[in-house]
>>> print(open('start12.cif').read())   # mmCIF, C-alpha atoms
data_final
loop_
_atom_site.label_atom_id
_atom_site.label_comp_id
_atom_site.auth_asym_id
_atom_site.auth_seq_id
_atom_site.Cartn_x
_atom_site.Cartn_y
_atom_site.Cartn_z
CA MET A 13 0.00 0.00 0.00
CA SER A 14 1.41 3.37 -0.99
CA ARG A 15 1.96 6.13 1.52
CA SER A 16 2.35 9.88 1.23
CA ALA A 17 5.54 11.77 2.09
CA ASP A 18 4.42 12.14 5.72
CA GLY A 19 3.90 8.38 6.02
CA ARG A 20 0.09 8.39 5.94
CA VAL A 21 -1.97 6.02 3.84
CA PRO A 22 -3.92 7.99 1.20
CA GLY A 23 -7.56 8.28 2.23
CA ALA A 24 -6.84 7.48 5.87
CA PRO A 25 -8.22 9.97 8.43
CA SER A 26 -5.87 12.72 9.54
CA GLU A 27 -4.46 12.66 13.06
CA ALA A 28 -6.86 15.39 14.16
CA ALA A 29 -9.84 13.46 12.76
CA ARG A 30 -9.02 10.27 14.67
CA PRO A 31 -10.66 9.53 18.03
CA LEU A 32 -8.87 11.46 20.76
CA LEU A 33 -7.40 8.46 22.58
CA LEU A 34 -6.05 7.01 19.33
CA GLN A 35 -4.08 10.13 18.50
CA GLY A 36 -0.35 9.86 19.04
CA GLN A 37 -0.58 6.36 20.47
CA GLU A 38 2.63 4.52 19.73
CA TYR A 39 2.24 1.62 22.13
CA LEU A 40 2.08 -1.71 20.31
CA PHE A 41 2.49 -5.07 22.01
CA ARG A 42 2.65 -8.38 20.22
CA SER A 43 1.52 -11.28 22.34
CA PRO A 44 2.93 -14.58 21.01
CA PRO A 45 0.74 -17.68 21.52
CA LYS A 46 3.69 -19.81 22.63
CA CYS A 47 3.08 -22.08 25.62
CA LEU A 48 5.43 -21.29 28.53
CA ASP A 49 3.42 -23.05 31.21
CA PHE A 50 5.61 -25.45 33.22
CA GLN A 51 2.90 -27.88 34.23
CA GLU A 52 1.43 -28.12 30.75
CA GLN A 53 4.86 -28.85 29.32
CA VAL A 54 5.73 -31.65 31.75
CA HIS A 55 2.30 -33.25 31.38
CA ARG A 56 2.50 -33.21 27.60
CA LEU A 57 5.96 -34.78 27.74
CA GLY A 58 4.69 -37.58 29.98
CA MET A 59 7.02 -36.62 32.83
CA VAL A 60 4.36 -37.06 35.53
CA ASP A 61 2.50 -39.97 37.08
CA GLU A 62 -0.55 -40.91 35.01
CA GLY A 63 -2.53 -41.34 38.22
CA ASP A 64 -5.21 -43.92 39.06
CA GLY A 65 -7.81 -42.71 36.57
CA ASN A 66 -9.80 -40.72 39.09
CA PRO A 67 -10.41 -37.01 38.45
CA GLU A 68 -7.48 -34.92 39.65
CA PRO A 69 -8.33 -31.82 41.72
CA CYS A 70 -6.85 -28.73 40.12
CA VAL A 71 -6.74 -24.97 39.76
CA LEU A 72 -8.15 -24.07 36.34
CA VAL A 73 -6.94 -20.85 34.71
CA LEU A 74 -8.51 -19.12 31.72
CA ALA A 75 -5.83 -16.80 30.41
CA ARG A 76 -3.56 -16.29 27.41
CA ALA A 77 -0.12 -17.71 26.68
CA ALA A 78 1.74 -14.46 27.50
CA ASP A 79 0.22 -14.20 30.98
CA MET A 80 3.51 -14.48 32.84
CA GLU A 81 1.87 -14.16 36.24
CA MET A 82 -0.01 -17.39 35.56
CA ASN A 83 3.08 -19.06 34.11
CA GLU A 84 4.85 -18.26 37.36
CA LEU A 85 1.87 -19.48 39.40
CA SER A 86 2.06 -22.82 37.56
CA ILE A 87 5.60 -23.36 38.84
CA ALA A 88 4.73 -22.24 42.37
CA LEU A 89 1.76 -24.61 42.57
CA ALA A 90 3.79 -27.49 41.14
CA GLU A 91 6.29 -26.99 43.96
CA ARG A 92 3.37 -27.36 46.39
CA GLY A 93 2.05 -30.49 44.68
CA ILE A 94 -1.03 -28.73 43.26
CA ARG A 95 -2.15 -29.36 39.69
CA MET A 96 -2.83 -26.33 37.54
CA ALA A 97 -4.44 -26.52 34.10
CA ARG A 98 -5.23 -23.72 31.70
CA ILE A 99 -7.29 -22.71 28.72
CA ASP A 100 -5.66 -19.87 26.78
CA ALA A 101 -7.72 -17.63 24.51
CA ASP A 102 -4.94 -17.45 21.93
CA ARG A 103 -4.49 -21.24 21.88
CA CYS A 104 -8.08 -22.42 22.25
CA VAL A 105 -8.87 -23.23 18.61
CA ASP A 106 -8.79 -27.05 18.15
CA LEU A 107 -8.25 -27.52 21.90
CA PRO A 108 -9.19 -31.06 22.98
CA LEU A 109 -11.71 -30.07 25.67
CA SER A 110 -14.85 -31.63 27.12
CA VAL A 111 -16.75 -30.11 30.02
CA TYR A 112 -19.35 -32.22 31.79
CA THR A 113 -22.57 -30.44 32.73
CA ASP A 114 -23.88 -33.07 35.14
CA GLN A 115 -20.59 -33.35 37.03
CA PRO A 116 -17.99 -30.69 37.91
CA LEU A 117 -15.40 -32.34 35.66
CA VAL A 118 -13.26 -31.20 32.75
CA GLU A 119 -11.45 -33.42 30.27
CA LEU A 120 -8.49 -31.47 28.92
CA ASP A 121 -6.38 -33.33 26.39
CA ARG A 122 -6.14 -36.79 27.98
CA TRP A 123 -6.49 -35.59 31.58
CA LEU A 124 -9.67 -35.83 33.63
CA LEU A 125 -9.72 -32.89 36.04
CA ARG A 126 -11.89 -31.67 38.89
CA PRO A 127 -11.47 -27.90 39.16
CA LEU A 128 -11.74 -26.59 42.69
CA LEU A 129 -10.71 -23.01 41.97
CA VAL A 130 -11.16 -21.17 38.65
CA TRP A 131 -9.38 -17.93 37.74
CA ARG A 132 -10.15 -15.99 34.57
CA ARG A 133 -7.38 -13.52 33.64
CA HIS A 134 -6.75 -11.90 30.27
CA PHE A 135 -9.02 -14.39 28.51
CA GLU A 136 -9.91 -11.83 25.85
CA LEU A 137 -12.14 -12.98 23.02
CA SER A 138 -10.28 -10.67 20.64
CA ALA A 139 -7.25 -12.92 21.15
CA VAL A 140 -8.97 -16.01 19.72
CA PRO A 141 -6.90 -16.80 16.59
CA VAL A 142 -9.55 -16.59 13.89
CA GLU A 143 -9.91 -14.49 10.77
CA PRO A 144 -11.70 -11.26 11.74
CA GLY A 145 -14.86 -10.43 9.84
CA THR A 146 -15.53 -13.99 8.66
CA LEU A 147 -18.51 -16.17 9.47
CA ALA A 148 -16.28 -18.97 10.79
CA GLY A 149 -14.40 -16.48 12.97
CA ALA A 150 -17.59 -14.98 14.39
CA TYR A 151 -18.89 -18.50 15.06
CA ALA A 152 -15.79 -19.56 17.02
CA VAL A 153 -15.66 -16.34 19.08
CA ASP A 154 -19.36 -16.57 19.94
CA GLN A 155 -19.08 -20.19 21.08
CA TRP A 156 -16.01 -19.46 23.20
CA ALA A 157 -17.69 -16.40 24.71
CA SER A 158 -20.58 -18.49 25.96
CA VAL A 159 -18.47 -21.37 27.26
CA ALA A 160 -15.84 -19.14 28.91
CA ASN A 161 -18.53 -17.08 30.64
CA TRP A 162 -20.16 -20.26 31.90
CA LEU A 163 -16.87 -21.70 33.16
CA SER A 164 -16.10 -18.38 34.87
CA SER A 165 -19.37 -18.36 36.81
CA ARG A 166 -20.30 -22.02 37.29
CA SER A 167 -21.28 -22.70 40.91
CA ASP A 168 -19.72 -26.19 41.08
CA TRP A 169 -16.36 -24.68 41.91
CA ALA A 170 -14.94 -21.62 43.64
CA HIS A 171 -13.62 -18.60 41.76
CA VAL A 172 -10.96 -15.93 42.05
CA ASN A 173 -12.56 -12.55 41.27
CA PRO A 174 -15.89 -14.14 40.22
CA SER A 175 -16.90 -12.85 36.80
CA ARG A 176 -20.54 -12.41 37.79
CA PHE A 177 -19.32 -9.54 39.96
CA SER A 178 -16.13 -8.31 38.29
CA THR A 179 -17.51 -8.25 34.72
CA HIS A 180 -19.80 -5.37 35.64
CA LEU A 181 -17.17 -3.49 37.65
CA ASP A 182 -16.65 -0.69 35.12
CA ARG A 183 -14.68 2.44 35.97
CA LEU A 184 -17.76 4.54 36.60
CA THR A 185 -19.22 2.03 39.05
CA GLN A 186 -15.82 1.92 40.74
CA LEU A 187 -15.81 5.68 41.25
CA SER A 188 -19.29 5.83 42.76
CA ASP A 189 -18.61 2.87 45.07
CA ALA A 190 -15.22 4.26 46.14
CA SER A 191 -16.85 7.56 47.05
CA ALA A 192 -19.54 5.76 49.03
CA PHE A 193 -16.78 4.01 51.03
CA GLY A 194 -15.20 7.33 51.98
CA LEU A 195 -12.47 7.65 49.34
CA ARG A 196 -11.90 10.89 47.52
CA VAL A 197 -12.43 10.65 43.74
CA PRO A 198 -11.77 13.18 40.94
CA ARG A 199 -14.71 15.09 39.52
CA THR A 200 -15.70 13.10 36.46
CA ALA A 201 -17.87 13.35 33.36
CA VAL A 202 -18.66 10.93 30.55
CA THR A 203 -19.03 12.64 27.21
CA THR A 204 -18.68 12.48 23.45
CA ARG A 205 -17.67 16.18 23.54
CA PRO A 206 -14.52 16.27 25.67
CA GLY A 207 -13.56 19.71 24.37
CA ARG A 208 -16.71 21.19 25.89
CA THR A 209 -16.70 19.33 29.19
CA ARG A 210 -14.39 20.35 32.03
CA PRO A 211 -15.22 18.88 35.44
CA GLY A 212 -13.86 21.30 38.03
CA GLY A 213 -13.38 23.99 35.40
CA GLY A 214 -9.61 23.58 35.08
CA ALA A 215 -7.09 21.19 33.56
CA CYS A 216 -8.48 17.73 32.76
CA ILE A 217 -7.39 14.23 31.84
CA VAL A 218 -9.12 12.10 29.18
CA LYS A 219 -9.42 8.36 29.80
CA THR A 220 -10.99 5.38 28.14
CA ALA A 221 -14.32 4.24 29.53
CA GLY A 222 -13.41 0.70 28.47
CA ARG A 223 -10.18 -1.27 28.26
CA HIS A 224 -6.65 0.14 28.27
CA LEU A 225 -5.65 -2.25 25.47
CA LEU A 226 -7.45 -2.84 22.20
CA GLU A 227 -6.78 -5.99 20.18
CA PRO A 228 -8.27 -5.49 16.72
CA ARG A 229 -6.23 -8.45 15.46
CA PRO A 230 -5.35 -11.51 17.56
CA GLY A 231 -1.99 -11.04 19.28
CA VAL A 232 -1.58 -7.32 18.45
CA GLN A 233 -2.53 -4.91 21.22
CA HIS A 234 -2.80 -1.12 21.00
CA GLY A 235 -2.79 1.15 24.04
CA LEU A 236 -5.49 3.61 25.10
CA PHE A 237 -3.80 5.59 27.83
CA PRO A 238 -4.78 8.68 29.84
CA ARG A 239 -3.76 11.96 28.24
CA PRO A 240 -4.13 15.64 29.12
CA LEU A 241 -7.05 17.41 27.48
CA GLU A 242 -5.66 20.26 25.41
CA THR A 243 -7.21 23.60 26.27
CA SER A 244 -7.47 24.45 22.57
CA ARG A 245 -10.07 21.73 22.06
CA ALA A 246 -13.04 24.01 22.76
CA SER A 247 -15.34 23.24 19.85
CA ASP A 248 -14.03 20.05 18.31
CA ALA A 249 -16.15 17.42 16.57
CA PRO A 250 -17.79 14.81 18.77
CA GLU A 251 -15.97 11.59 19.59
CA PRO A 252 -17.37 8.39 18.01
CA ALA A 253 -17.92 6.94 21.50
CA PRO A 254 -18.09 8.35 25.04
CA VAL A 255 -14.84 8.91 26.93
CA ILE A 256 -14.14 9.78 30.56
CA VAL A 257 -13.00 13.32 31.36
CA GLN A 258 -11.64 13.87 34.88
CA GLU A 259 -10.36 16.93 36.64
CA TYR A 260 -6.57 16.99 36.85
CA VAL A 261 -5.53 16.44 40.48
CA PRO A 262 -1.97 17.63 41.23
CA SER A 263 -0.15 14.96 43.23
CA GLU A 264 3.19 14.26 44.86
CA THR A 265 3.24 10.64 43.75
CA GLU A 266 1.04 7.63 42.93
CA LEU A 267 0.35 4.38 44.73
CA ARG A 268 -0.40 0.96 43.34
CA VAL A 269 -1.83 -1.16 46.12
CA PHE A 270 -2.25 -4.87 45.48
CA VAL A 271 -4.96 -6.56 47.51
CA VAL A 272 -4.37 -10.29 47.96
CA GLY A 273 -6.98 -11.82 50.22
CA GLU A 274 -6.79 -9.67 53.35
CA GLN A 275 -3.34 -8.23 52.61
CA CYS A 276 -2.39 -4.87 51.11
CA LEU A 277 1.00 -4.67 49.40
CA ALA A 278 1.90 -1.24 48.07
CA TYR A 279 4.35 0.40 45.69
CA GLN A 280 5.04 4.09 45.25
CA VAL A 281 5.09 4.92 41.54
CA ASP A 282 6.87 8.09 40.44
CA LYS A 283 6.32 9.17 36.83
CA LEU A 284 6.09 12.38 34.85
CA ASP A 285 3.18 11.52 32.56
CA PRO A 286 -0.02 9.45 32.99
CA ALA A 287 0.95 7.14 30.08
CA GLN A 288 4.63 6.81 31.02
CA LEU A 289 4.04 3.45 32.68
CA TRP A 290 3.44 1.95 29.22
CA VAL A 291 5.23 4.17 26.71
CA ASP A 292 8.45 4.81 28.68
CA PRO A 293 8.55 2.27 31.53
CA ASP A 294 12.30 2.59 32.12
CA ALA A 295 11.76 6.16 33.31
CA VAL A 296 9.26 5.10 35.99
CA ARG A 297 10.55 4.63 39.53
CA VAL A 298 8.84 2.00 41.69
CA THR A 299 9.51 1.74 45.43
CA PRO A 300 7.96 -0.60 48.01
CA THR A 301 5.99 1.32 50.60
CA THR A 302 3.28 0.91 53.20
CA VAL A 303 -0.22 2.34 53.34
CA PRO A 304 -1.91 3.87 56.39
CA ALA A 305 -4.30 1.58 58.19
CA SER A 306 -7.16 3.98 57.51
CA LEU A 307 -6.57 3.61 53.75
CA SER A 308 -5.99 -0.15 53.74
CA ASP A 309 -9.21 -0.63 55.74
CA LYS A 310 -11.19 1.19 53.03
CA LEU A 311 -9.52 -0.70 50.19
CA LEU A 312 -10.10 -4.07 51.82
CA ALA A 313 -13.72 -3.12 52.54
CA LEU A 314 -14.19 -2.21 48.87
CA ALA A 315 -12.59 -5.47 47.74
CA ARG A 316 -14.98 -7.41 49.98
CA HIS A 317 -17.92 -5.39 48.67
CA TRP A 318 -16.91 -6.21 45.10
CA ARG A 319 -16.07 -9.83 46.08
CA ILE A 320 -12.58 -9.43 44.64
CA GLN A 321 -9.69 -11.46 46.03
CA VAL A 322 -6.69 -10.37 43.92
CA ALA A 323 -6.61 -6.89 42.37
CA ALA A 324 -4.66 -3.63 42.19
CA PHE A 325 -5.82 -0.18 43.30
CA ASP A 326 -4.36 2.94 41.69
CA LEU A 327 -4.39 6.11 43.80
CA LEU A 328 -2.87 9.58 43.82
CA VAL A 329 -1.14 10.97 46.90
CA THR A 330 -1.86 14.66 47.28
CA GLY A 331 -1.44 16.82 50.36
CA GLY A 332 -1.59 13.87 52.73
CA ASP A 333 -4.80 12.62 51.12
CA HIS A 334 -5.40 9.70 48.77
CA VAL A 335 -7.45 10.02 45.59
CA PHE A 336 -8.94 6.85 44.10
CA LEU A 337 -8.43 6.40 40.36
CA GLU A 338 -9.42 2.81 39.58
CA ILE A 339 -9.12 -0.85 40.48
CA ASN A 340 -7.56 -3.27 38.00
CA VAL A 341 -8.99 -6.76 38.43
CA ASN A 342 -6.74 -8.39 35.81
CA CYS A 343 -3.74 -6.83 37.50
CA ASP A 344 -0.16 -7.68 36.57
CA TRP A 345 2.35 -7.45 39.39
CA ARG A 346 5.62 -8.91 38.09
CA TRP A 347 6.64 -5.65 36.38
CA PHE A 348 6.22 -3.70 39.61
CA GLU A 349 8.19 -6.32 41.52
CA HIS A 350 10.96 -6.23 38.94
CA ARG A 351 11.24 -2.45 39.16
CA ALA A 352 11.11 -2.51 42.96
CA GLY A 353 13.46 -5.49 43.37
CA ASP A 354 11.16 -7.75 45.39
CA ASN A 355 8.65 -10.57 44.91
CA ASN A 356 6.20 -9.76 47.70
CA VAL A 357 3.03 -9.85 45.62
CA SER A 358 3.98 -13.08 43.83
CA THR A 359 4.63 -14.77 47.15
CA ALA A 360 1.32 -13.53 48.57
CA VAL A 361 -0.63 -14.67 45.49
CA HIS A 362 1.00 -18.10 45.37
CA ASP A 363 0.40 -18.64 49.08
CA TRP A 364 -3.20 -17.44 48.86
CA VAL A 365 -4.09 -19.67 45.89
CA ALA A 366 -2.44 -22.72 47.51
CA LEU A 367 -4.19 -22.07 50.83
CA ARG A 368 -7.57 -21.58 49.15
CA PHE A 369 -7.08 -24.79 47.14
CA LYS A 370 -6.29 -26.76 50.28
CA GLU A 371 -9.30 -25.26 52.09
CA LEU A 372 -11.57 -26.40 49.26
CA LEU A 373 -9.89 -29.80 49.15
CA GLY A 374 -10.33 -30.22 52.90
CA ALA A 375 -13.96 -29.15 52.70
CA GLY A 376 -14.71 -32.06 50.39
CA ARG A 377 -15.01 -30.02 47.18
CA ALA A 378 -12.76 -32.57 45.47
CA ARG A 379 -15.36 -35.31 45.56
#
>>> encode(input="start12.cif", output="structure tokens")
Amino acid sequence: MSRSADGRVPGAPSEAARPLLLQGQEYLFRSPPKCLDFQEQVHRLGMVDEGDGNPEPCVLVLARAADMEMNELSIALAERGIRMARIDADRCVDLPLSVYTDQPLVELDRWLLRPLLVWRRHFELSAVPVEPGTLAGAYAVDQWASVANWLSSRSDWAHVNPSRFSTHLDRLTQLSDASAFGLRVPRTAVTTRPGRTRPGGGACIVKTAGRHLLEPRPGVQHGLFPRPLETSRASDAPEPAPVIVQEYVPSETELRVFVVGEQCLAYQVDKLDPAQLWVDPDAVRVTPTTVPASLSDKLLALARHWRIQVAAFDLLVTGGDHVFLEINVNCDWRWFEHRAGDNNVSTAVHDWVALRFKELLGAGRAR
């Protein structure tokens, strides 16, 4: 395809005509569908005991191949003698899978499994490797949507961050609930006319009302990150879909607080730009820190209210106060640990999952 001297494809919309959050976005992540799961590898190679034919209790994960947190969890659970199995969105086509509706059993490849705990993370339907826009592709995505939603909410087994609660936990619901629990939140509006909407009357930030990452083609993700609203945008054309506009809250620093069960593990995040975490991560400084008991009590209360067991809260620190931004249910923690030089969240997650599995096993959920 030919391009003009400035690199644009002829006939493509100009930068100014593109949706606001797609302008100037240079973040592109390719997510390879290569299996890196330790337990799956050793089972496929026949390096484990075939067992006695009875269903094996397990932790079942619905994820994608590049979910390194789950790859690490697989190793940690193997060290504890706990079976983990997974269904990855980007490897699910032609997967040898049977799920029994009259019994809480799953046949995955040649293994008969009894899930006790199910965790859906990054199982995005846009990652299913089918040809977009085709009838066969639409068929496969629709079938997997139904089955994955059922697996993620089936009452025969326990769940981490149950989808029947977390699926509806959009950013706007988060803000209203956080305010009701005594947390300060930025003044916020939802609008298709961001240039005409200024909560608080001053500087503002524009955010996506949906996901931070779009995946128009399987395995290729584009970022939708917060950006300042330019003051010159006073009478611009409407956006094709509503966006979030929030008042800009000056802050000394940011906090990312991981909730794992009843624990709060926090990192101070120092950055110069809202999108710097993704577009220039090497410039972001991450430091382990603690949170005041008054704040951790509110965050844990919110997590209980939302029935969330593992998640990450993002907050601003300003003038001794904390301003709630959002909670990320499909939170990734390894990057923060790497930058901070610890593995506190990984340890807490691995311990929590193993303890919950053993509680369910001891309660007779394996029968």
>>> residues_around(input="start12.cif", residues="region 102-105 of chain A", least_positions_apart="2", cutoff="9 Å", atoms="only C-alpha atoms", output="list of chain:residue names")
A:Ser43, A:Pro44, A:Pro45, A:Lys46, A:Cys47, A:Ala75, A:Arg76, A:Ala77, A:Ile99, A:Asp100, A:Leu107, A:Pro108, A:Phe135, A:Glu136, A:Leu137, A:Ser138, A:Ala139, A:Val140, A:Pro141, A:Val142, A:Ala152, A:Trp156, A:Pro230, A:Gly231
>>> write_last_selection(input="start12.cif", atoms="C-alpha atoms", output="mmCIF file, in the frame of the given file")
data_model
loop_
_atom_site.group_PDB
_atom_site.id
_atom_site.type_symbol
_atom_site.label_atom_id
_atom_site.label_comp_id
_atom_site.auth_asym_id
_atom_site.auth_seq_id
_atom_site.Cartn_x
_atom_site.Cartn_y
_atom_site.Cartn_z
ATOM 1 C CA SER A 43 1.520 -11.280 22.340
ATOM 2 C CA PRO A 44 2.930 -14.580 21.010
ATOM 3 C CA PRO A 45 0.740 -17.680 21.520
ATOM 4 C CA LYS A 46 3.690 -19.810 22.630
ATOM 5 C CA CYS A 47 3.080 -22.080 25.620
ATOM 6 C CA ALA A 75 -5.830 -16.800 30.410
ATOM 7 C CA ARG A 76 -3.560 -16.290 27.410
ATOM 8 C CA ALA A 77 -0.120 -17.710 26.680
ATOM 9 C CA ILE A 99 -7.290 -22.710 28.720
ATOM 10 C CA ASP A 100 -5.660 -19.870 26.780
ATOM 11 C CA LEU A 107 -8.250 -27.520 21.900
ATOM 12 C CA PRO A 108 -9.190 -31.060 22.980
ATOM 13 C CA PHE A 135 -9.020 -14.390 28.510
ATOM 14 C CA GLU A 136 -9.910 -11.830 25.850
ATOM 15 C CA LEU A 137 -12.140 -12.980 23.020
ATOM 16 C CA SER A 138 -10.280 -10.670 20.640
ATOM 17 C CA ALA A 139 -7.250 -12.920 21.150
ATOM 18 C CA VAL A 140 -8.970 -16.010 19.720
ATOM 19 C CA PRO A 141 -6.900 -16.800 16.590
ATOM 20 C CA VAL A 142 -9.550 -16.590 13.890
ATOM 21 C CA ALA A 152 -15.790 -19.560 17.020
ATOM 22 C CA TRP A 156 -16.010 -19.460 23.200
ATOM 23 C CA PRO A 230 -5.350 -11.510 17.560
ATOM 24 C CA GLY A 231 -1.990 -11.040 19.280
#
>>> residues_around(input="start12.cif", residues="Glu349 (chain A)", least_positions_apart="3", cutoff="12 Å", atoms="only C-alpha atoms", output="list in words")
Glu81, Arg268, Phe270, Leu277, Ala278, Tyr279, Gln280, Val281, Arg297, Val298, Thr299, Pro300, Asp344, Trp345, Arg346, Ala352, Gly353, Asp354, Asn355, Asn356, Val357, Ser358 and Thr359 of chain A
>>> resolve_selection(input="start12.cif", expression="the PyMOL selection byres ((chain A and resi 275) around 12)", output="PyMOL selection string")
chain A and resi 269-274+276-278+302-303+305+308-309+311-313+315-316+321-324+356-357+359-361+363-364
>>> closest_residue(input="start12.cif", among="A:Leu33, A:Met82, A:Ala101, A:Val159", to="Gly222 (chain A)", atoms="all atoms listed in the file")
A:Leu33
>>> residues_around(input="start12.cif", residues="Thr185 (chain A)", least_positions_apart="2", cutoff="12 Å", atoms="only C-alpha atoms", output="list in words")
Phe177, Ser178, Thr179, His180, Leu181, Asp182, Arg183, Leu187, Ser188, Asp189, Ala190, Ser191, Ala192, Val197, Thr200, Ala221, Leu314, Trp318, Leu337, Glu338 and Ile339 of chain A
>>> write_last_selection(input="start12.cif", atoms="C-alpha atoms", output="PDB file, in the frame of the given file")
ATOM      1  CA  PHE A 177     -19.320  -9.540  39.960  1.00  0.00           C
ATOM      2  CA  SER A 178     -16.130  -8.310  38.290  1.00  0.00           C
ATOM      3  CA  THR A 179     -17.510  -8.250  34.720  1.00  0.00           C
ATOM      4  CA  HIS A 180     -19.800  -5.370  35.640  1.00  0.00           C
ATOM      5  CA  LEU A 181     -17.170  -3.490  37.650  1.00  0.00           C
ATOM      6  CA  ASP A 182     -16.650  -0.690  35.120  1.00  0.00           C
ATOM      7  CA  ARG A 183     -14.680   2.440  35.970  1.00  0.00           C
ATOM      8  CA  LEU A 187     -15.810   5.680  41.250  1.00  0.00           C
ATOM      9  CA  SER A 188     -19.290   5.830  42.760  1.00  0.00           C
ATOM     10  CA  ASP A 189     -18.610   2.870  45.070  1.00  0.00           C
ATOM     11  CA  ALA A 190     -15.220   4.260  46.140  1.00  0.00           C
ATOM     12  CA  SER A 191     -16.850   7.560  47.050  1.00  0.00           C
ATOM     13  CA  ALA A 192     -19.540   5.760  49.030  1.00  0.00           C
ATOM     14  CA  VAL A 197     -12.430  10.650  43.740  1.00  0.00           C
ATOM     15  CA  THR A 200     -15.700  13.100  36.460  1.00  0.00           C
ATOM     16  CA  ALA A 221     -14.320   4.240  29.530  1.00  0.00           C
ATOM     17  CA  LEU A 314     -14.190  -2.210  48.870  1.00  0.00           C
ATOM     18  CA  TRP A 318     -16.910  -6.210  45.100  1.00  0.00           C
ATOM     19  CA  LEU A 337      -8.430   6.400  40.360  1.00  0.00           C
ATOM     20  CA  GLU A 338      -9.420   2.810  39.580  1.00  0.00           C
ATOM     21  CA  ILE A 339      -9.120  -0.850  40.480  1.00  0.00           C
TER      22      ILE A 339
END
>>> decode(input="start12.cif", residues="region 335-347 of chain A", atoms="N, CA, C and O atoms", output="mmCIF file, in the first residue's frame")
data_model
loop_
_atom_site.group_PDB
_atom_site.id
_atom_site.type_symbol
_atom_site.label_atom_id
_atom_site.label_comp_id
_atom_site.auth_asym_id
_atom_site.auth_seq_id
_atom_site.Cartn_x
_atom_site.Cartn_y
_atom_site.Cartn_z
ATOM 1 N N VAL A 335 -6.390 9.874 46.572
ATOM 2 C CA VAL A 335 -7.455 10.021 45.593
ATOM 3 C C VAL A 335 -7.554 8.732 44.789
ATOM 4 O O VAL A 335 -6.590 8.318 44.129
ATOM 5 N N PHE A 336 -8.725 8.103 44.816
ATOM 6 C CA PHE A 336 -8.944 6.852 44.102
ATOM 7 C C PHE A 336 -9.058 7.114 42.608
ATOM 8 O O PHE A 336 -9.803 7.992 42.174
ATOM 9 N N LEU A 337 -8.329 6.321 41.810
ATOM 10 C CA LEU A 337 -8.427 6.404 40.355
ATOM 11 C C LEU A 337 -9.191 5.217 39.783
ATOM 12 O O LEU A 337 -10.166 5.376 39.065
ATOM 13 N N GLU A 338 -8.729 3.990 40.088
ATOM 14 C CA GLU A 338 -9.416 2.808 39.580
ATOM 15 C C GLU A 338 -8.878 1.567 40.262
ATOM 16 O O GLU A 338 -7.843 1.591 40.942
ATOM 17 N N ILE A 339 -9.601 0.476 40.069
ATOM 18 C CA ILE A 339 -9.117 -0.848 40.476
ATOM 19 C C ILE A 339 -8.953 -1.681 39.213
ATOM 20 O O ILE A 339 -9.788 -1.616 38.299
ATOM 21 N N ASN A 340 -7.857 -2.406 39.141
ATOM 22 C CA ASN A 340 -7.560 -3.265 38.000
ATOM 23 C C ASN A 340 -7.684 -4.712 38.457
ATOM 24 O O ASN A 340 -6.860 -5.198 39.226
ATOM 25 N N VAL A 341 -8.742 -5.383 37.997
ATOM 26 C CA VAL A 341 -8.988 -6.759 38.434
ATOM 27 C C VAL A 341 -7.994 -7.718 37.797
ATOM 28 O O VAL A 341 -7.435 -8.588 38.464
ATOM 29 N N ASN A 342 -7.744 -7.557 36.491
ATOM 30 C CA ASN A 342 -6.737 -8.388 35.815
ATOM 31 C C ASN A 342 -5.370 -7.742 35.982
ATOM 32 O O ASN A 342 -4.692 -7.403 35.017
ATOM 33 N N CYS A 343 -4.967 -7.576 37.214
ATOM 34 C CA CYS A 343 -3.739 -6.826 37.501
ATOM 35 C C CYS A 343 -2.500 -7.684 37.248
ATOM 36 O O CYS A 343 -2.488 -8.874 37.496
ATOM 37 N N ASP A 344 -1.469 -7.039 36.745
ATOM 38 C CA ASP A 344 -0.164 -7.681 36.572
ATOM 39 C C ASP A 344 0.794 -7.079 37.590
ATOM 40 O O ASP A 344 0.879 -5.857 37.717
ATOM 41 N N TRP A 345 1.504 -7.934 38.293
ATOM 42 C CA TRP A 345 2.355 -7.453 39.390
ATOM 43 C C TRP A 345 3.841 -7.696 39.164
ATOM 44 O O TRP A 345 4.674 -7.085 39.814
ATOM 45 N N ARG A 346 4.200 -8.576 38.246
ATOM 46 C CA ARG A 346 5.621 -8.909 38.088
ATOM 47 C C ARG A 346 6.454 -7.706 37.661
ATOM 48 O O ARG A 346 7.598 -7.557 38.062
ATOM 49 N N TRP A 347 5.881 -6.820 36.819
ATOM 50 C CA TRP A 347 6.639 -5.654 36.376
ATOM 51 C C TRP A 347 6.955 -4.743 37.560
ATOM 52 O O TRP A 347 8.076 -4.241 37.682
#
